[in-house]
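Engineer: Sharing target32.tsv below, TSV, C-alpha atoms and all ligand atoms:
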```tsv
chain	number	residue	atom	x	y	z
D	1	MET	CA	0.00	0.00	0.00
D	2	ILE	CA	1.19	3.52	-0.81
D	3	THR	CA	0.95	6.32	1.77
D	4	LEU	CA	1.68	9.96	0.98
D	5	TYR	CA	2.46	12.31	3.86
D	6	HIS	CA	1.55	15.77	2.65
D	7	THR	CA	0.02	19.19	3.27
D	8	PRO	CA	-2.74	20.30	0.88
D	9	ILE	CA	-1.28	23.73	0.14
D	10	SER	CA	2.30	22.53	-0.51
D	11	LEU	CA	3.46	22.52	-4.14
D	12	ASN	CA	6.22	20.08	-3.19
D	13	SER	CA	3.72	17.48	-2.08
D	14	ARG	CA	1.02	18.37	-4.60
D	15	ARG	CA	3.25	17.35	-7.53
D	16	VAL	CA	3.45	13.86	-6.05
D	17	TRP	CA	-0.28	13.76	-5.27
D	18	VAL	CA	-1.12	14.71	-8.89
D	19	ALA	CA	1.29	12.06	-10.25
D	20	LEU	CA	-0.33	9.36	-8.08
D	21	LEU	CA	-3.78	10.34	-9.37
D	22	GLU	CA	-2.66	10.59	-13.01
D	23	LYS	CA	-1.17	7.10	-12.71
D	24	GLY	CA	-4.46	5.82	-11.30
D	25	LEU	CA	-2.77	4.36	-8.20
D	26	SER	CA	-4.58	3.77	-4.94
D	27	PHE	CA	-2.99	5.40	-1.91
D	28	ASP	CA	-3.66	6.79	1.54
D	29	LEU	CA	-3.13	10.46	2.29
D	30	VAL	CA	-1.85	11.55	5.69
D	31	GLU	CA	-1.96	15.29	6.34
D	32	VAL	CA	0.98	16.66	8.34
D	33	ASN	CA	0.21	19.84	10.27
D	34	LEU	CA	3.35	21.85	9.51
D	35	PRO	CA	2.50	25.05	11.42
D	36	GLY	CA	1.58	22.74	14.33
D	37	GLY	CA	5.10	21.21	14.18
D	38	GLU	CA	4.02	17.61	13.46
D	39	GLN	CA	7.04	17.21	11.16
D	40	TYR	CA	9.28	17.32	14.26
D	41	GLN	CA	7.61	14.33	15.92
D	42	PRO	CA	10.08	11.43	16.34
D	43	GLU	CA	7.95	9.12	14.13
D	44	PHE	CA	8.06	11.64	11.29
D	45	LEU	CA	11.77	12.41	11.74
D	46	ALA	CA	12.46	8.68	11.51
D	47	MET	CA	11.06	8.84	7.95
D	48	ASN	CA	12.56	12.20	7.01
D	49	PRO	CA	15.33	13.61	9.22
D	50	PHE	CA	15.03	16.91	7.29
D	51	HIS	CA	11.43	17.33	8.63
D	52	HIS	CA	9.93	17.98	5.20
D	53	ILE	CA	6.86	16.71	3.44
D	54	PRO	CA	6.32	14.99	1.03
D	55	VAL	CA	7.25	11.51	2.19
D	56	LEU	CA	6.06	8.48	0.26
D	57	VAL	CA	5.94	5.05	1.88
D	58	ASP	CA	5.32	2.12	-0.45
D	59	ASP	CA	5.29	-1.18	1.44
D	60	GLY	CA	8.84	-1.32	2.86
D	61	THR	CA	10.24	1.59	0.86
D	62	THR	CA	10.38	5.16	2.19
D	63	VAL	CA	11.20	7.92	-0.29
D	64	ILE	CA	11.78	11.61	0.48
D	65	GLU	CA	12.37	14.54	-1.93
D	66	SER	CA	9.50	15.13	-4.33
D	67	PHE	CA	11.58	14.75	-7.51
D	68	ALA	CA	13.03	11.46	-6.27
D	69	ILE	CA	9.50	10.29	-5.46
D	70	LEU	CA	8.34	11.14	-9.00
D	71	ASP	CA	11.21	9.10	-10.45
D	72	TYR	CA	10.47	6.22	-8.07
D	73	LEU	CA	6.80	6.16	-9.12
D	74	GLU	CA	7.73	6.29	-12.80
D	75	ALA	CA	10.11	3.33	-12.44
D	76	LYS	CA	7.83	1.24	-10.23
D	77	TYR	CA	4.51	2.05	-11.94
D	78	PRO	CA	5.47	2.83	-15.56
D	79	THR	CA	1.92	2.90	-16.99
D	80	PRO	CA	0.65	5.42	-17.92
D	81	ALA	CA	4.09	6.88	-18.60
D	82	LEU	CA	4.79	10.41	-17.40
D	83	LEU	CA	8.19	10.55	-19.09
D	84	PRO	CA	8.53	10.57	-22.88
D	85	LYS	CA	10.97	8.31	-24.73
D	86	GLY	CA	12.73	10.57	-27.27
D	87	ALA	CA	15.98	12.34	-26.32
D	88	ASP	CA	14.68	15.83	-27.21
D	89	ALA	CA	11.42	15.31	-25.32
D	90	ILE	CA	13.22	13.98	-22.23
D	91	ALA	CA	15.56	16.97	-22.32
D	92	THR	CA	12.56	19.34	-22.49
D	93	VAL	CA	10.79	17.63	-19.59
D	94	ARG	CA	13.88	17.66	-17.37
D	95	MET	CA	14.72	21.28	-18.29
D	96	VAL	CA	11.22	22.41	-17.35
D	97	GLN	CA	11.35	20.49	-14.07
D	98	MET	CA	14.74	21.92	-13.11
D	99	VAL	CA	13.95	25.49	-14.20
D	100	VAL	CA	10.82	25.39	-12.03
D	101	LEU	CA	12.89	24.15	-9.10
D	102	ASN	CA	16.02	26.27	-9.50
D	103	GLU	CA	14.80	29.47	-11.18
D	104	LEU	CA	11.04	30.00	-11.00
D	105	THR	CA	10.52	28.96	-7.37
D	106	THR	CA	13.34	31.24	-6.22
D	107	ALA	CA	12.04	34.13	-8.32
D	108	LEU	CA	8.54	33.66	-6.88
D	109	GLY	CA	9.85	33.88	-3.30
D	110	PRO	CA	9.07	37.56	-2.58
D	111	LEU	CA	5.65	37.31	-4.29
D	112	THR	CA	4.78	34.24	-2.25
D	113	ARG	CA	5.92	35.91	0.97
D	114	GLN	CA	3.71	38.91	0.16
D	115	PHE	CA	0.71	36.67	-0.64
D	116	MET	CA	1.19	34.70	2.60
D	117	GLY	CA	1.59	37.88	4.63
D	118	PHE	CA	5.04	36.79	5.85
D	119	GLY	CA	6.65	40.13	6.76
D	120	GLU	CA	7.31	43.24	4.67
D	121	VAL	CA	8.28	42.93	1.00
D	122	SER	CA	9.52	46.11	-0.70
D	123	PRO	CA	8.20	47.30	-4.11
D	124	GLU	CA	11.78	46.95	-5.45
D	125	GLU	CA	11.88	43.29	-4.43
D	126	ILE	CA	8.52	42.70	-6.12
D	127	ASP	CA	9.66	44.39	-9.36
D	128	LYS	CA	12.86	42.37	-9.45
D	129	ALA	CA	10.94	39.15	-8.76
D	130	LYS	CA	8.51	39.89	-11.61
D	131	GLN	CA	11.41	40.46	-14.04
D	132	GLN	CA	13.02	37.18	-13.00
D	133	VAL	CA	9.72	35.30	-13.31
D	134	ALA	CA	9.33	36.68	-16.85
D	135	VAL	CA	12.63	35.06	-17.92
D	136	SER	CA	11.32	31.64	-16.83
D	137	LEU	CA	7.91	32.19	-18.44
D	138	LYS	CA	9.43	33.16	-21.81
D	139	PHE	CA	11.54	30.00	-21.66
D	140	PHE	CA	8.51	27.80	-20.88
D	141	GLU	CA	6.38	29.46	-23.59
D	142	SER	CA	9.06	28.76	-26.20
D	143	LYS	CA	9.53	25.13	-25.07
D	144	LEU	CA	5.77	24.46	-25.11
D	145	GLY	CA	5.32	26.01	-28.58
D	146	ASP	CA	2.06	24.81	-30.06
D	147	GLN	CA	2.16	21.38	-28.39
D	148	THR	CA	-0.64	20.13	-26.15
D	149	PHE	CA	1.84	19.19	-23.42
D	150	PHE	CA	5.59	19.64	-22.94
D	151	GLY	CA	6.11	16.06	-24.12
D	152	GLY	CA	3.87	16.47	-27.17
D	153	LYS	CA	0.50	14.69	-26.97
D	154	GLN	CA	1.44	12.94	-23.71
D	155	LEU	CA	1.10	14.46	-20.22
D	156	THR	CA	4.50	14.45	-18.54
D	157	LEU	CA	6.20	15.28	-15.26
D	158	ALA	CA	7.00	18.72	-16.74
D	159	ASP	CA	3.29	19.46	-17.09
D	160	ILE	CA	2.69	18.35	-13.51
D	161	VAL	CA	5.61	20.23	-11.97
D	162	LEU	CA	4.94	23.55	-13.75
D	163	GLY	CA	1.19	23.08	-14.15
D	164	ILE	CA	0.51	23.20	-10.42
D	165	VAL	CA	2.39	26.52	-10.13
D	166	THR	CA	0.87	28.57	-12.95
D	167	PRO	CA	-2.72	28.35	-11.59
D	168	TRP	CA	-1.45	30.46	-8.65
D	169	PHE	CA	-0.31	33.31	-10.86
D	170	ASN	CA	-3.54	35.28	-10.62
D	171	GLU	CA	-3.36	35.13	-6.81
D	172	LEU	CA	0.21	36.41	-7.00
D	173	SER	CA	-0.83	39.31	-9.32
D	174	LEU	CA	1.10	37.77	-12.23
D	175	PRO	CA	-1.44	37.40	-15.05
D	176	LEU	CA	-0.45	34.96	-17.80
D	177	ALA	CA	-2.01	37.12	-20.55
D	178	ASP	CA	1.39	37.82	-22.17
D	179	TYR	CA	1.95	34.06	-22.52
D	180	PRO	CA	-1.09	32.78	-24.46
D	181	GLY	CA	0.35	29.29	-24.91
D	182	LEU	CA	0.93	28.84	-21.18
D	183	GLN	CA	-2.46	30.38	-20.39
D	184	THR	CA	-4.36	27.91	-22.61
D	185	TRP	CA	-2.24	25.00	-21.38
D	186	THR	CA	-2.88	25.96	-17.72
D	187	ALA	CA	-6.64	26.16	-18.31
D	188	ARG	CA	-6.54	22.73	-20.00
D	189	LEU	CA	-4.69	21.16	-17.05
D	190	MET	CA	-7.05	22.70	-14.50
D	191	GLU	CA	-9.91	20.78	-16.12
D	192	ARG	CA	-8.26	17.46	-15.34
D	193	PRO	CA	-9.67	15.53	-12.36
D	194	ALA	CA	-6.19	15.26	-10.77
D	195	TRP	CA	-5.91	19.06	-10.69
D	196	LYS	CA	-9.47	19.55	-9.43
D	197	THR	CA	-9.04	16.98	-6.65
D	198	THR	CA	-5.77	18.48	-5.39
D	199	GLN	CA	-6.65	22.18	-5.63
D	200	ALA	CA	-6.49	23.71	-2.13
D	201	THR	CA	-9.77	25.38	-1.16
D	202	PRO	CA	-9.80	29.10	-0.24
D	203	GLU	CA	-10.60	27.98	3.34
D	204	GLN	CA	-7.54	25.71	3.47
D	205	ILE	CA	-5.36	28.51	2.12
D	206	GLU	CA	-6.65	31.03	4.64
D	207	ALA	CA	-6.33	28.55	7.53
D	208	PHE	CA	-2.74	27.74	6.52
D	209	LYS	CA	-1.82	31.43	6.23
D	210	ALA	CA	-3.31	32.17	9.65
D	211	ARG	CA	-1.55	29.23	11.36
D	212	ALA	CA	1.78	30.05	9.69
D	213	ARG	CA	1.56	33.74	10.72
D	214	GLU	CA	0.73	32.69	14.27
D	215	MET	CA	3.74	30.36	14.33
D	216	MET	CA	6.05	33.12	13.02
D	217	ALA	CA	4.77	35.58	15.62
D	218	LYS	CA	5.44	32.99	18.38
D	219	ARG	CA	8.99	32.44	17.06
D	220	ARG	CA	9.64	36.21	17.07
D	221	GLY	CA	8.50	36.07	20.71
P	1	LIG	N1	13.24	19.56	-1.68
P	1	LIG	C1	12.09	19.09	-0.92
P	1	LIG	C2	11.44	20.29	-0.29
P	1	LIG	C3	10.34	19.90	0.66
P	1	LIG	C4	9.84	21.08	1.48
P	1	LIG	O1	10.45	22.15	1.53
P	1	LIG	N2	8.70	20.89	2.18
P	1	LIG	C5	8.17	21.92	3.03
P	1	LIG	C6	6.71	22.19	2.68
P	1	LIG	S1	6.51	22.85	1.08
P	1	LIG	C7	8.18	21.43	4.47
P	1	LIG	O2	7.95	20.27	4.72
P	1	LIG	N3	8.42	22.34	5.43
P	1	LIG	C8	8.36	22.01	6.84
P	1	LIG	C9	9.69	22.17	7.53
P	1	LIG	O3	10.69	22.44	6.85
P	1	LIG	O4	9.72	22.04	8.73
P	1	LIG	C10	11.13	18.33	-1.86
P	1	LIG	O5	11.07	18.68	-3.04
P	1	LIG	O6	10.49	17.38	-1.42
```
Could you render the structure from this file as structure tokens?

Structural biologist:
Amino acid sequence: MITLYHTPISLNSRRVWVALLEKGLSFDLVEVNLPGGEQYQPEFLAMNPFHHIPVLVDDGTTVIESFAILDYLEAKYPTPALLPKGADAIATVRMVQMVVLNELTTALGPLTRQFMGFGEVSPEEIDKAKQQVAVSLKFFESKLGDQTFFGGKQLTLADIVLGIVTPWFNELSLPLADYPGLQTWTARLMERPAWKTTQATPEQIEAFKARAREMMAKRRG
């Protein structure tokens, strides 16, 4: 049996959750209350000493790090495939995954902090973040071209990893209007059951923001 330890609002765990659903696997979901500090409980630290979700447990195997979990699932449950076969398509999928992780997520930092209400973010920081985000978006738009998905006709890990971030852009005051390919592609993904099932509700988002702000205030003393 597969168990995914997650938090509904986390993009790191949502990418695994979507992959499990797209592969049609059956699994249990265990919610970890991060602002409540459940990730520091000894039982959780025994699975992940870095106190992060997601953690996937599959019979006797425990896997941490969302990208490692995606690769594990692909190798263990290859059908339907979420990785293409051709060299060019694999390169595109991996580039998109790594640019999301190493460039886009960093660039989105100040905008996310502002959205979450985590401290002051200056207008200069926001402007710089928007310029950096634009570099990633131009790259993605050119890689997608007029394809249905980043791997052509087939949904891939690239679509999952980026496609759970772009639906947040409106909330972060980053409209996708200048990127019509990405806008249409995002709308198409959001119609999929895996996206609908895993979309955090406004209530979950507000509750998470409130608990996280409370925790930060306590830490500041
Ligand atoms: N590189 C990790 C990052 C995981 C991560 O940062 N998880 C956050 C939630 S989005 C977390 O568990 N934070 C709680 C903590 O660090 O105590 C992955 O991709 O799985």

Engineer: Suppose you want the space between CA of Leu189 in chain D and CA of Gly163 in chain D; what is it in Å?

Structural biologist: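 Separating CA of Leu189 in chain D from CA of Gly163 in chain D is a distance of 6.8 Å.
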
Engineer: Would you mind listing the residues within 6 Å of ligand LIG 1 (chain P), counting all atoms listed in the file, as a list of chain:residue names?

Structural biologist: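 Residues lying within 6 Å of ligand LIG 1 (chain P): D:Ser10, D:Asn12, D:Leu34, D:His51, D:His52, D:Ile53, D:Pro54, D:Glu65, D:Ser66, D:Phe67.
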
Engineer: Please provide as a list in words all residues within 10 Å of Gly24 in chain D, with the sequence filter that same-chain residues fewer than 4 positions apart are discarded (counting only C-alpha atoms).

Structural biologist: Val18, Ala19, Leu20, Tyr77, Thr79, Pro80 and Ala194 of chain D

Engineer: Quick one: of D:Glu125, D:Lys130, D:Asp88, D:Lys153, who's nearest to Pro175 in chain D, counting only C-alpha atoms?

Structural biologist: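 For Pro175 in chain D, the nearest of the candidates is D:Lys130.
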
Engineer: Can you work out which one of D:Arg14, D:Arg113, D:Lys85, D:Arg192 has the shortest atom-to-atom distance to Ile69 in chain D, counting only C-alpha atoms?

Structural biologist: D:Arg14

Engineer: Determine, counting only C-alpha atoms, which protein, DNA and RNA residues have an atom within 7 Å of an atom of Arg15 in chain D; residues of the same chain fewer than 4 positions away are not included. Present the result as a list of chain:residue names.

Structural biologist: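 Contacts, with the query itself left out: D:Leu11, D:Ala19, D:Ile160, D:Val161.
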
Engineer: Hey, can you check how far CA of Phe140 in chain D sits from CA of Glu22 in chain D?

Structural biologist: 22.0 Å

Engineer: Measuring atom to atom with all atoms listed in the file, identify which of D:Ile205, D:Leu108, D:Pro123, D:Trp17 is nearest to Thr166 in chain D.

Structural biologist: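 The closest residue to Thr166 in chain D is D:Leu108.
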
Engineer: I'd like to know which of D:Gln132, D:Gln97, D:Gln147, D:Asn33 is closest to Thr7 in chain D, using all atoms listed in the file.

Structural biologist: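 Between D:Gln132, D:Gln97, D:Gln147, D:Asn33, the residue approaching Thr7 in chain D most closely is D:Asn33.
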
Engineer: So the first atom is CA of Tyr72 in chain D and the second is CA of Asp28 in chain D; what is the distance between them in Å, to one decimal place?

Structural biologist: 17.1 Å

Engineer: Nearest residue to Ala134 in chain D out of D:Ala107, D:Leu155, D:Met116, D:Val96, using only C-alpha atoms?

Structural biologist: D:Ala107

Engineer: Please determine, counting only C-alpha atoms, which residue among D:Thr105, D:Thr186, D:Thr156, D:Thr198 has the shortest atom-to-atom distance to Asn170 in chain D.

Structural biologist: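 Closest to Asn170 in chain D, using only C-alpha atoms: D:Thr186.
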
Engineer: I want to know what sits within 7 Å of Tyr5 in chain D, based on all atoms listed in the file, with residues of the same chain fewer than 5 positions away left out; could you give that as JSON, numbers by chain?

Structural biologist: {"D": [29, 30, 31, 32, 53, 54, 55, 56]}

Engineer: Save range 130-164 of chain D of the structure in the block above to a file, with N, CA and C atoms included, as a short mmCIF file (atom, residue, chain, number, x, y, z; two decimals), in the first residue's frame.

Structural biologist:
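Generated output (out_25.cif):
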```cif
data_model
loop_
_atom_site.label_atom_id
_atom_site.label_comp_id
_atom_site.auth_asym_id
_atom_site.auth_seq_id
_atom_site.Cartn_x
_atom_site.Cartn_y
_atom_site.Cartn_z
N LYS D 130 9.34 40.00 -10.40
CA LYS D 130 8.51 39.89 -11.61
C LYS D 130 9.39 39.79 -12.87
N GLN D 131 10.50 40.54 -12.88
CA GLN D 131 11.41 40.46 -14.04
C GLN D 131 12.03 39.07 -14.14
N GLN D 132 12.40 38.52 -12.99
CA GLN D 132 13.02 37.18 -13.00
C GLN D 132 12.01 36.10 -13.41
N VAL D 133 10.77 36.26 -12.93
CA VAL D 133 9.72 35.30 -13.31
C VAL D 133 9.51 35.33 -14.83
N ALA D 134 9.56 36.54 -15.40
CA ALA D 134 9.33 36.68 -16.85
C ALA D 134 10.35 35.89 -17.66
N VAL D 135 11.60 35.82 -17.19
CA VAL D 135 12.63 35.06 -17.92
C VAL D 135 12.22 33.58 -17.99
N SER D 136 11.75 33.04 -16.86
CA SER D 136 11.32 31.64 -16.83
C SER D 136 10.11 31.44 -17.75
N LEU D 137 9.14 32.37 -17.66
CA LEU D 137 7.91 32.19 -18.44
C LEU D 137 8.18 32.22 -19.94
N LYS D 138 9.08 33.11 -20.37
CA LYS D 138 9.43 33.16 -21.81
C LYS D 138 10.05 31.82 -22.22
N PHE D 139 10.89 31.28 -21.36
CA PHE D 139 11.54 30.00 -21.66
C PHE D 139 10.48 28.90 -21.80
N PHE D 140 9.55 28.85 -20.84
CA PHE D 140 8.51 27.80 -20.88
C PHE D 140 7.64 27.96 -22.13
N GLU D 141 7.26 29.21 -22.42
CA GLU D 141 6.38 29.46 -23.59
C GLU D 141 7.07 28.95 -24.86
N SER D 142 8.38 29.20 -24.98
CA SER D 142 9.06 28.76 -26.20
C SER D 142 9.19 27.23 -26.23
N LYS D 143 9.41 26.59 -25.09
CA LYS D 143 9.53 25.13 -25.07
C LYS D 143 8.19 24.44 -25.35
N LEU D 144 7.10 25.05 -24.88
CA LEU D 144 5.77 24.46 -25.11
C LEU D 144 5.39 24.60 -26.58
N GLY D 145 5.69 25.76 -27.17
CA GLY D 145 5.32 26.01 -28.58
C GLY D 145 3.84 25.77 -28.77
N ASP D 146 3.48 25.05 -29.85
CA ASP D 146 2.06 24.81 -30.06
C ASP D 146 1.68 23.37 -29.69
N GLN D 147 2.48 22.75 -28.82
CA GLN D 147 2.16 21.38 -28.39
C GLN D 147 1.05 21.39 -27.33
N THR D 148 0.38 20.26 -27.20
CA THR D 148 -0.64 20.13 -26.15
C THR D 148 0.01 20.10 -24.78
N PHE D 149 1.09 19.31 -24.67
CA PHE D 149 1.84 19.19 -23.42
C PHE D 149 3.33 19.35 -23.74
N PHE D 150 4.15 19.46 -22.69
CA PHE D 150 5.59 19.64 -22.94
C PHE D 150 6.20 18.43 -23.63
N GLY D 151 5.59 17.26 -23.45
CA GLY D 151 6.11 16.06 -24.12
C GLY D 151 5.34 15.75 -25.40
N GLY D 152 4.66 16.71 -25.96
CA GLY D 152 3.87 16.47 -27.17
C GLY D 152 2.42 16.18 -26.78
N LYS D 153 1.92 15.01 -27.24
CA LYS D 153 0.50 14.69 -26.97
C LYS D 153 0.33 14.08 -25.58
N GLN D 154 1.46 13.71 -24.97
CA GLN D 154 1.44 12.94 -23.71
C GLN D 154 1.68 13.87 -22.51
N LEU D 155 0.86 13.74 -21.47
CA LEU D 155 1.10 14.46 -20.22
C LEU D 155 2.39 13.95 -19.60
N THR D 156 3.22 14.87 -19.11
CA THR D 156 4.50 14.45 -18.54
C THR D 156 4.71 15.09 -17.17
N LEU D 157 5.83 14.69 -16.55
CA LEU D 157 6.20 15.28 -15.26
C LEU D 157 6.40 16.80 -15.38
N ALA D 158 6.83 17.27 -16.56
CA ALA D 158 7.00 18.72 -16.74
C ALA D 158 5.66 19.43 -16.59
N ASP D 159 4.62 18.85 -17.18
CA ASP D 159 3.29 19.46 -17.09
C ASP D 159 2.81 19.47 -15.64
N ILE D 160 3.12 18.41 -14.92
CA ILE D 160 2.69 18.35 -13.51
C ILE D 160 3.46 19.37 -12.68
N VAL D 161 4.78 19.38 -12.85
CA VAL D 161 5.61 20.23 -11.97
C VAL D 161 5.33 21.72 -12.22
N LEU D 162 5.24 22.13 -13.48
CA LEU D 162 4.94 23.55 -13.75
C LEU D 162 3.44 23.84 -13.65
N GLY D 163 2.64 22.85 -14.05
CA GLY D 163 1.19 23.08 -14.15
C GLY D 163 0.45 23.19 -12.83
N ILE D 164 1.16 22.92 -11.71
CA ILE D 164 0.51 23.20 -10.42
C ILE D 164 0.97 24.56 -9.88
#
```
